[in-house]
file target_30.cif (mmCIF, C-alpha atoms and all ligand atoms)
data_entry
loop_
_atom_site.label_atom_id
_atom_site.label_comp_id
_atom_site.auth_asym_id
_atom_site.auth_seq_id
_atom_site.Cartn_x
_atom_site.Cartn_y
_atom_site.Cartn_z
CA MET A 1 224.59 157.20 197.61
CA SER A 2 225.86 154.31 195.54
CA THR A 3 222.45 152.61 195.17
CA ALA A 4 220.67 155.71 193.84
CA PRO A 5 220.95 154.70 190.15
CA ASN A 6 219.31 151.34 190.96
CA ILE A 7 216.38 153.09 192.58
CA THR A 8 215.90 155.23 189.50
CA GLN A 9 216.00 152.14 187.30
CA GLN A 10 213.53 150.33 189.54
CA ALA A 11 211.14 153.30 189.46
CA ASN A 12 211.34 153.44 185.68
CA VAL A 13 210.52 149.76 185.27
CA HIS A 14 206.94 150.35 186.46
CA PRO A 15 206.15 153.94 185.54
CA ALA A 16 202.38 153.36 185.44
CA ALA A 17 202.03 150.72 188.18
CA ALA A 18 198.55 150.64 189.70
CA THR A 19 198.01 152.03 193.18
CA VAL A 20 197.72 149.10 195.55
CA LEU A 21 197.25 151.08 198.78
CA SER A 22 195.64 154.47 199.01
CA VAL A 23 195.45 156.24 202.36
CA LYS A 24 193.34 159.42 202.24
CA ASN A 25 192.94 162.16 204.86
CA LEU A 26 193.56 159.64 207.61
CA GLU A 27 193.00 160.87 211.15
CA THR A 28 193.57 158.69 214.22
CA TRP A 29 193.09 159.59 217.88
CA TYR A 30 193.97 157.95 221.19
CA GLY A 31 191.30 159.50 223.41
CA PRO A 32 192.23 163.20 223.38
CA VAL A 33 195.56 162.62 221.56
CA ASN A 34 195.45 163.28 217.81
CA ALA A 35 198.29 161.05 216.61
CA ILE A 36 197.57 161.18 212.83
CA LYS A 37 196.29 164.48 211.46
CA GLY A 38 195.08 163.96 207.91
CA VAL A 39 197.65 161.79 206.17
CA ASN A 40 197.68 160.87 202.45
CA ILE A 41 199.92 158.04 201.28
CA ASP A 42 199.95 155.90 198.13
CA VAL A 43 201.79 152.66 197.47
CA ARG A 44 202.05 151.50 193.87
CA GLU A 45 201.99 147.82 192.95
CA GLY A 46 205.41 146.21 193.28
CA HIS A 47 207.00 149.27 194.91
CA ILE A 48 208.73 149.79 198.23
CA VAL A 49 207.54 152.93 199.99
CA THR A 50 209.09 154.25 203.16
CA VAL A 51 207.66 156.59 205.79
CA LEU A 52 210.37 158.31 207.80
CA GLY A 53 209.94 160.15 211.04
CA ALA A 54 211.35 160.63 214.51
CA ASN A 55 210.01 158.92 217.60
CA GLY A 56 206.39 159.97 218.15
CA ALA A 57 205.82 161.13 214.56
CA GLY A 58 202.88 158.71 214.21
CA LYS A 59 204.50 155.93 212.14
CA THR A 60 203.26 153.04 214.26
CA THR A 61 199.81 154.58 214.54
CA LEU A 62 199.70 154.87 210.74
CA LEU A 63 200.60 151.19 210.20
CA ASN A 64 198.28 150.02 212.99
CA THR A 65 195.43 152.01 211.45
CA ILE A 66 196.08 150.50 208.00
CA ALA A 67 196.29 147.01 209.54
CA GLY A 68 192.96 147.43 211.36
CA VAL A 69 194.48 147.34 214.86
CA ILE A 70 193.10 150.86 215.44
CA ASP A 71 190.06 152.38 213.71
CA PRO A 72 190.54 155.80 212.14
CA PHE A 73 188.35 158.69 213.22
CA LYS A 74 188.28 160.09 209.67
CA GLY A 75 189.58 159.28 206.23
CA SER A 76 189.91 156.08 204.25
CA VAL A 77 192.26 153.21 203.54
CA GLU A 78 191.73 151.46 200.21
CA PHE A 79 193.56 148.29 199.25
CA ARG A 80 193.30 147.35 195.57
CA GLY A 81 190.27 149.60 195.23
CA LYS A 82 188.35 148.28 198.25
CA ALA A 83 187.88 150.10 201.55
CA ILE A 84 189.58 148.21 204.39
CA HIS A 85 189.36 150.80 207.18
CA GLY A 86 187.17 149.62 210.01
CA LEU A 87 187.84 145.93 209.24
CA ASP A 88 189.29 143.72 211.99
CA PRO A 89 193.03 142.96 211.75
CA ASP A 90 192.43 139.33 210.70
CA ALA A 91 190.15 140.45 207.86
CA VAL A 92 192.77 142.96 206.71
CA ALA A 93 195.40 140.19 206.79
CA ARG A 94 193.11 137.87 204.81
CA ALA A 95 192.68 140.64 202.25
CA GLY A 96 196.48 140.49 201.78
CA VAL A 97 197.81 143.30 203.99
CA VAL A 98 200.10 141.83 206.64
CA LEU A 99 201.80 143.74 209.47
CA VAL A 100 205.22 142.99 210.94
CA PRO A 101 204.70 144.89 214.21
CA GLU A 102 207.10 147.16 216.03
CA GLY A 103 209.32 145.14 218.38
CA ARG A 104 208.72 141.89 216.33
CA GLN A 105 206.29 140.33 218.84
CA VAL A 106 207.33 136.74 218.24
CA PHE A 107 205.74 134.08 220.45
CA PRO A 108 208.55 133.42 222.96
CA PHE A 109 207.45 129.92 224.00
CA LEU A 110 206.67 128.62 220.52
CA SER A 111 209.42 127.18 218.35
CA VAL A 112 210.70 129.02 215.31
CA ARG A 113 208.76 126.66 213.06
CA GLU A 114 205.56 127.10 215.12
CA ASN A 115 205.99 130.89 215.00
CA LEU A 116 206.23 130.69 211.22
CA MET A 117 203.15 128.48 211.02
CA MET A 118 201.18 131.11 213.00
CA GLY A 119 201.44 133.24 209.87
CA THR A 120 199.45 130.75 207.82
CA PHE A 121 196.10 131.52 209.49
CA ALA A 122 195.51 134.39 207.08
CA ARG A 123 196.15 132.36 203.92
CA ALA A 124 193.43 131.87 201.38
CA SER A 125 194.64 128.30 200.78
CA ARG A 126 196.65 125.67 202.67
CA ASP A 127 198.33 124.60 199.41
CA ALA A 128 202.08 125.07 199.19
CA VAL A 129 202.54 125.84 202.90
CA ASP A 130 205.58 123.58 203.01
CA ALA A 131 207.10 125.09 199.87
CA ASP A 132 206.63 128.57 201.36
CA LEU A 133 208.22 127.43 204.63
CA GLN A 134 211.25 126.15 202.71
CA ARG A 135 211.45 129.45 200.83
CA VAL A 136 211.45 131.40 204.12
CA PHE A 137 214.23 129.13 205.40
CA GLY A 138 216.07 129.82 202.13
CA TRP A 139 215.94 133.57 202.76
CA PHE A 140 216.76 133.19 206.44
CA PRO A 141 219.09 130.18 206.84
CA ARG A 142 219.57 131.12 210.50
CA LEU A 143 215.91 130.34 211.13
CA LEU A 144 216.40 126.87 209.69
CA GLU A 145 219.38 126.31 212.01
CA ARG A 146 217.14 127.29 214.93
CA GLU A 147 213.95 125.68 213.65
CA ASN A 148 213.14 123.92 216.94
CA GLN A 149 214.34 126.60 219.36
CA HIS A 150 211.94 128.83 221.26
CA GLY A 151 211.37 132.19 219.54
CA GLY A 152 212.22 133.99 222.78
CA LEU A 153 215.78 132.61 222.71
CA LEU A 154 216.65 134.23 219.38
CA SER A 155 218.73 137.40 219.06
CA GLY A 156 217.01 140.66 218.07
CA GLY A 157 218.06 140.26 214.45
CA GLU A 158 216.84 136.67 214.31
CA GLN A 159 213.52 137.68 215.88
CA GLN A 160 213.13 140.33 213.17
CA MET A 161 213.80 137.65 210.54
CA LEU A 162 211.24 135.42 212.25
CA ALA A 163 208.63 138.18 212.33
CA ILE A 164 209.16 138.89 208.62
CA GLY A 165 209.14 135.14 207.85
CA ARG A 166 205.88 134.72 209.78
CA ALA A 167 204.31 137.55 207.76
CA LEU A 168 205.48 135.96 204.50
CA MET A 169 203.76 132.70 205.48
CA ALA A 170 200.49 134.64 205.12
CA ARG A 171 201.33 135.27 201.44
CA PRO A 172 200.90 139.04 201.68
CA ARG A 173 200.37 141.25 198.66
CA LEU A 174 201.33 144.23 200.79
CA LEU A 175 203.78 143.91 203.66
CA LEU A 176 203.75 146.57 206.40
CA LEU A 177 207.07 146.75 208.27
CA ASP A 178 207.30 148.74 211.50
CA GLU A 179 210.89 149.86 212.12
CA PRO A 180 212.69 146.64 211.23
CA SER A 181 216.05 148.23 212.12
CA LEU A 182 215.01 148.98 215.73
CA GLY A 183 217.73 147.81 218.11
CA LEU A 184 219.79 146.11 215.39
CA SER A 185 223.45 146.65 214.50
CA PRO A 186 224.22 148.44 211.20
CA LEU A 187 225.35 145.11 209.74
CA LEU A 188 222.15 143.28 210.66
CA THR A 189 220.08 146.26 209.50
CA ARG A 190 221.71 146.03 206.07
CA GLU A 191 221.10 142.28 206.00
CA ILE A 192 217.40 142.72 206.85
CA PHE A 193 216.95 145.45 204.24
CA SER A 194 218.69 143.45 201.54
CA ILE A 195 216.22 140.63 202.19
CA VAL A 196 213.34 143.10 202.13
CA LYS A 197 214.55 144.16 198.69
CA ARG A 198 214.82 140.53 197.56
CA ILE A 199 211.28 139.77 198.76
CA ASN A 200 210.07 142.76 196.77
CA THR A 201 211.98 141.74 193.64
CA GLU A 202 211.41 137.98 193.73
CA LEU A 203 207.79 137.85 194.99
CA ARG A 204 206.71 141.27 193.64
CA THR A 205 205.32 142.00 197.11
CA SER A 206 204.52 145.68 197.63
CA ILE A 207 206.09 146.99 200.82
CA LEU A 208 205.36 149.92 203.14
CA VAL A 209 208.18 150.28 205.65
CA VAL A 210 208.31 152.91 208.41
CA GLU A 211 211.74 153.78 209.76
CA GLN A 212 213.85 156.17 211.77
CA ASN A 213 216.93 154.99 209.88
CA ALA A 214 216.56 157.28 206.87
CA ALA A 215 219.80 156.31 205.14
CA ILE A 216 219.01 152.61 204.78
CA ALA A 217 215.30 153.18 204.10
CA LEU A 218 215.87 155.80 201.37
CA SER A 219 218.51 153.66 199.69
CA THR A 220 216.15 150.65 199.63
CA ALA A 221 212.73 152.15 198.80
CA ASP A 222 211.38 153.68 195.58
CA ASP A 223 209.29 156.46 197.12
CA GLY A 224 209.23 158.10 200.52
CA TYR A 225 207.23 160.27 202.86
CA ILE A 226 208.43 162.20 205.87
CA MET A 227 206.15 162.56 208.88
CA GLU A 228 206.43 165.00 211.73
CA LEU A 229 203.90 165.23 214.57
CA GLY A 230 201.21 163.29 212.73
CA ARG A 231 201.52 165.05 209.37
CA VAL A 232 203.31 164.37 206.10
CA VAL A 233 205.79 167.22 205.61
CA ALA A 234 207.59 165.96 202.50
CA ALA A 235 207.04 163.32 199.83
CA GLY A 236 208.69 162.19 196.63
CA SER A 237 210.90 159.59 195.06
CA CYS A 238 213.73 158.53 197.34
CA THR A 239 216.19 160.08 194.90
CA GLU A 240 214.38 163.42 195.21
CA LEU A 241 214.15 163.17 198.98
CA MET A 242 217.83 162.34 199.39
CA ALA A 243 218.70 165.49 197.43
CA LYS A 244 216.66 167.79 199.70
CA ASP A 245 218.68 169.94 202.08
CA ASP A 246 216.20 169.42 204.94
CA VAL A 247 216.39 165.64 204.54
CA LYS A 248 220.18 165.67 204.39
CA GLU A 249 220.32 167.92 207.40
CA PHE A 250 217.81 166.30 209.73
CA TYR A 251 217.53 162.70 208.55
CA LEU A 252 220.84 161.79 206.93
CA GLY A 253 223.18 162.81 209.72
CA GLY A 254 223.61 166.56 209.29
CA ALA A 255 221.41 167.56 212.25
CA ALA A 256 224.07 167.22 214.94
CA ARG A 257 226.50 169.35 212.94
CA HIS A 258 223.83 171.95 212.44
CA LEU A 259 222.92 171.98 216.13
CA ARG A 260 226.53 172.67 217.07
CA SER A 261 226.86 175.61 214.71
CA ASP A 262 223.48 177.34 215.10
CA GLY A 263 221.93 176.15 218.35
CA PRO A 264 218.50 174.64 219.00
CA GLN A 265 216.43 177.71 218.19
CA GLN A 266 217.86 178.01 214.69
CA ARG A 267 217.30 174.28 214.26
CA TRP A 268 213.65 174.69 215.21
CA LYS A 269 213.21 177.45 212.63
CA ARG A 270 214.91 175.36 209.98
CA ARG A 271 212.55 172.51 210.74
CA LYS A 272 209.62 174.68 209.70
CA THR A 273 210.98 175.31 206.22
CA TRP A 274 209.92 172.07 204.51
CA ARG A 275 209.86 172.62 200.76
N1 LIG B 301 198.30 153.99 223.24
C1 LIG B 301 198.50 155.31 223.14
N2 LIG B 301 197.80 156.18 223.93
C2 LIG B 301 197.99 157.51 223.85
N3 LIG B 301 198.86 158.09 223.01
C3 LIG B 301 199.58 157.29 222.21
C4 LIG B 301 199.45 155.86 222.24
N4 LIG B 301 200.30 155.32 221.33
C5 LIG B 301 200.93 156.37 220.76
N5 LIG B 301 200.51 157.54 221.28
C6 LIG B 301 200.97 158.89 220.91
O1 LIG B 301 200.71 159.06 219.52
C7 LIG B 301 201.80 159.75 218.89
C8 LIG B 301 202.35 158.88 217.78
O2 LIG B 301 202.95 157.70 218.32
P1 LIG B 301 203.50 156.53 217.41
O3 LIG B 301 202.52 156.24 216.35
O4 LIG B 301 203.88 155.41 218.31
O5 LIG B 301 204.79 157.22 216.77
P2 LIG B 301 206.10 156.55 216.13
O6 LIG B 301 205.79 155.13 215.77
O7 LIG B 301 206.39 157.42 214.94
O8 LIG B 301 207.17 156.66 217.17
C9 LIG B 301 202.80 160.05 220.00
O9 LIG B 301 202.54 161.36 220.44
C10 LIG B 301 202.47 159.05 221.06
O10 LIG B 301 202.80 159.54 222.34
MG MG B 302 206.73 153.39 216.28
#
call {"tool": "encode", "arguments": {"input": "target_30.cif", "output": "structure tokens"}}
result
Amino acid sequence: MSTAPNITQQANVHPAAATVLSVKNLETWYGPVNAIKGVNIDVREGHIVTVLGANGAGKTTLLNTIAGVIDPFKGSVEFRGKAIHGLDPDAVARAGVVLVPEGRQVFPFLSVRENLMMGTFARASRDAVDADLQRVFGWFPRLLERENQHGGLLSGGEQQMLAIGRALMARPRLLLLDEPSLGLSPLLTREIFSIVKRINTELRTSILVVEQNAAIALSTADDGYIMELGRVVAAGSCTELMAKDDVKEFYLGGAARHLRSDGPQQRWKRRKTWR
């Protein structure tokens, strides 16, 4: 992967960065369904961390639990040393942890500008709102072109930009991104991820991004975790993860080839060999 050396450099710039988010033994249930089964995840200050996993792995549940949308049954979520589990979502956002939800969830009948202004409710101060708005328009010129259009009229990619822009208007210290590539073309996915990287570099915002698109996520983030059925099955720097045979095989495009040669049963066995 051509960007691998950059990731290594980035990781070496902050070898002793403080832990900004610490998720410990997190367990979340929906009635009788145990969606998260004791998950541990750390995000260091200024880093991009990705959580990869197939549909149903528990990625959205993890982010929603961190963001206070769902309360955990067990475990803890600490942000900059303070427990935030059990807080309401608006209190979590005010503390600096802002979620860009799965499927964007823009307000369809509000204009682009009004959607962006909805992000400002969680700000500590009203100062510099206009400067921040201009900065968001600088990152996403297409939002400026459509400033007065209804959010619901934007394309999927533009709605993702709007959802990220709205989150940035809250001045997050930690941005939680739920599958930003969902439903987007490879080109738009790359565009979104390059802006995610810029936000991280220019604002020093820490980012936790969950994805099914392992290739783009691993080439953007510093560290990664892999979740299957509510558990973390592998963790490490993205460089380490990309070198693992299991990751190459099941997350970077080798799975189909493997299925053809060995059949589903062999594939199932191989899935159990995380190392
Ligand atoms: N509202 C819900 N009620 C019951 N089960 C749910 C609900 N939302 C998600 N689940 C279940 O929790 C598990 C994790 O789902 P989710 O967090 O959405 O995974 P992902 O985001 O990785 O696709 C799945 O088994 C899913 O069916
Ligand atoms: Mg999801």
call {"tool": "residues_near_ligand", "arguments": {"input": "target_30.cif", "ligand": "ligand LIG 301 (chain B)", "cutoff": "9 Å", "atoms": "only C-alpha atoms and all ligand atoms", "output": "PyMOL selection string"}}
result
chain A and resi 28-36+52-64+102+178-179+210-212+227-230
call {"tool": "closest_residue", "arguments": {"input": "target_30.cif", "among": "A:Leu203, A:Leu188, A:Val100, A:Val69", "to": "A:Asp88", "atoms": "all atoms listed in the file"}}
result
A:Val69
call {"tool": "closest_residue", "arguments": {"input": "target_30.cif", "among": "A:Ile216, A:Ala167, A:Leu177, A:Ala95", "to": "ligand MG 302 (chain B)", "atoms": "all atoms listed in the file"}}
result
A:Leu177
call {"tool": "atom_distance", "arguments": {"input": "target_30.cif", "atom1": "atom CA of A:Ala122", "atom2": "atom CA of A:Pro101"}}
result
15.7 Å
call {"tool": "closest_residue", "arguments": {"input": "target_30.cif", "among": "A:Leu153, A:Gly86, A:Asn148, A:Thr19", "to": "A:Pro108", "atoms": "only C-alpha atoms"}}
result
A:Leu153
call {"tool": "closest_residue", "arguments": {"input": "target_30.cif", "among": "A:Ser111, A:Ser181, A:Ser22, A:Asn40", "to": "ligand MG 302 (chain B)", "atoms": "only C-alpha atoms and all ligand atoms"}}
result
A:Ser181
call {"tool": "residues_around", "arguments": {"input": "target_30.cif", "residues": "A:Glu45", "least_positions_apart": "2", "cutoff": "12 Å", "atoms": "only C-alpha atoms", "output": "PyMOL selection string"}}
result
chain A and resi 11+13-22+42-43+47-49+79-80+173-175+200-201+203-208+222
call {"tool": "closest_residue", "arguments": {"input": "target_30.cif", "among": "A:Phe121, A:Arg44, A:Val51, A:Leu241", "to": "ligand MG 302 (chain B)", "atoms": "only C-alpha atoms and all ligand atoms"}}
result
A:Val51
call {"tool": "closest_residue", "arguments": {"input": "target_30.cif", "among": "A:Ser76, A:Phe140, A:Gly119, A:Val209", "to": "ligand MG 302 (chain B)", "atoms": "all atoms listed in the file"}}
result
A:Val209
call {"tool": "atom_distance", "arguments": {"input": "target_30.cif", "atom1": "atom CA of A:Asp132", "atom2": "atom CA of A:Ile164"}}
result
12.9 Å
call {"tool": "atom_distance", "arguments": {"input": "target_30.cif", "atom1": "atom CA of A:Ala214", "atom2": "atom CA of A:Gln160"}}
result
18.4 Å
call {"tool": "axis_aligned_box", "arguments": {"input": "target_30.cif", "around": "stretch 94-112 of chain A", "padding_each_side": "6 Å", "output": "JSON"}}
result
{"center_x": 201.7, "center_y": 137.2, "center_z": 212.9, "size_x": 30.0, "size_y": 32.0, "size_z": 34.2}
call {"tool": "residues_near_point", "arguments": {"input": "target_30.cif", "point": "(220.0, 146.4, 211.8)", "cutoff": "10 Å", "atoms": "only C-alpha atoms", "output": "list in words"}}
result
Gly156, Gly157, Gln160, Glu179, Pro180, Ser181, Leu182, Gly183, Leu184, Ser185, Pro186, Leu187, Leu188, Thr189, Arg190, Glu191, Ile192, Phe193, Asn213 and Ile216 of chain A
